[in-house]
Amino acid sequence: MSLYLITGSAGAGKSTIQQELARRGYSAYDTDDPEKTGLSALHEKATGKEVARYNEFNWGHENIDFETHVWGLTNLGFARVVDESSARDVFLVGRLREPMKELQDALNKTFFLELSNAIVAERLRTRAEQARNNSEIVLWGMEQSQIDFTVAQNQTLTDHYRSLGAVMIDATPAPAAIADAIERHL
């Protein structure tokens with residue numbers, strides 16, 4: 001069987017696609033929600049040392065230097081998904097900045113959910129407004145500075161994954177159509 005990564009900028013619909021793939025019977029894990037999965041954490045780039053789990057710092061209020069830190073799988077999380085992928089298809093869905101070399105080597109394919117800067121900004125603003133109206137907590141995209149940062153990084157991120165040979169998936173259709181497009185590339 002195979003191990004796949006589905007990624008994209010904030011607002012691309014990664015969590016929604018993870019839920020759609022799980023609904024279809026796939027093992028699909030949201031790496032941006034390690035409180036549920038236990039798969040990922042913040043690491044020091046230089047040493048690989050785990051610094052903090054997702055729920056151990058205040059997103060948007062603590063300054064994370066992504067020049068010296070990286071969001072990635074824990075060693076235990078990595079071993080778990082590689083082991084599971086020997087028996088069935090497994091999707092890791094989320095924003096892993098610079099996936100570790102071992103993960104890159106283990107992946108059968110990477111999918112990138114592609115959106116224009118305007119749509120990324122619109123989706124983040126909509127998500128923030130819905131969260132405010134429903135008194136929900138959203139960990140990224142609630143502040144204009146976070147939206148601006150995401151939009152500024154969107155094209156760089158898109159170009160990076162394209163250069164790595166990721167399968168580029170248009171993330172503007174409905175989630176079922178996006179999942180169908182991913183399944184066509186399996």
# chains A, B, ... in the order shown; residues from 1 in each chain; ligands from 1

$ residues_around --residues "region 118-120 of chain A" --least-positions-apart "3" --cutoff "8 Å" --atoms "only C-alpha atoms" --output "MDAnalysis selection string"
chainID A and resid 9:12 115 123:124 150:151

$ select_by_dssp --residues "region 6-171 of chain A" --states "strand (DSSP E or B)" --output "short mmCIF file (atom, residue, chain, number, x, y, z; two decimals) with C-alpha atoms, in the first residue's frame"
data_model
loop_
_atom_site.label_atom_id
_atom_site.label_comp_id
_atom_site.auth_asym_id
_atom_site.auth_seq_id
_atom_site.Cartn_x
_atom_site.Cartn_y
_atom_site.Cartn_z
CA ILE A 6 -1.68 16.29 1.00
CA THR A 7 -0.63 19.83 1.78
CA GLY A 8 -1.30 23.44 0.86
CA SER A 27 -6.75 6.23 6.84
CA ALA A 28 -6.38 10.01 6.74
CA TYR A 29 -4.67 11.95 9.52
CA ASP A 30 -4.76 15.71 10.04
CA SER A 40 3.44 16.16 14.87
CA ALA A 41 5.17 18.88 16.84
CA LEU A 42 7.42 21.92 16.50
CA HIS A 43 11.12 21.00 16.11
CA GLU A 44 14.44 22.85 16.04
CA GLU A 50 11.01 18.39 19.55
CA VAL A 51 10.30 21.79 21.11
CA ALA A 52 6.54 21.90 21.65
CA ARG A 53 3.33 20.12 20.80
CA HIS A 69 12.09 25.86 13.67
CA VAL A 70 10.02 23.46 11.62
CA TRP A 71 6.58 21.84 12.04
CA GLY A 72 6.93 18.11 11.46
CA LEU A 73 6.14 14.57 12.45
CA VAL A 90 -2.48 6.30 4.42
CA PHE A 91 -2.91 10.03 3.86
CA LEU A 92 -1.10 12.61 5.95
CA VAL A 93 -3.03 15.83 5.46
CA LYS A 109 3.20 10.82 -3.75
CA THR A 110 2.63 14.37 -2.57
CA PHE A 111 -0.49 16.36 -3.48
CA PHE A 112 -0.59 20.15 -3.23
CA LEU A 113 -3.95 21.94 -2.93
CA GLU A 114 -3.45 24.99 -5.11
CA VAL A 167 0.64 16.61 -8.01
CA MET A 168 -1.01 20.02 -8.17
CA ILE A 169 -4.73 19.85 -7.35
CA ASP A 170 -7.13 22.75 -7.96
#

$ closest_residue --among "A:Asn108, A:Thr47, A:Thr16, A:Asn134" --to "Ala171 (chain A)" --atoms "only C-alpha atoms"
A:Thr16

$ select_by_dssp --residues "region 1-162 of chain A" --states "alpha helix (DSSP H)" --output "PyMOL selection string"
chain A and resi 14-23+34-37+75-85+101-106+117-133+144-162

$ closest_residue --among "A:Lys45, A:Arg88, A:Gln104, A:Thr158" --to "Thr68 (chain A)" --atoms "only C-alpha atoms"
A:Lys45

$ atom_distance --atom1 "CA of Met142 (chain A)" --atom2 "CA of Glu122 (chain A)"
12.1 Å

$ atom_distance --atom1 "CA of Leu3 (chain A)" --atom2 "CA of Thr31 (chain A)"
13.6 Å
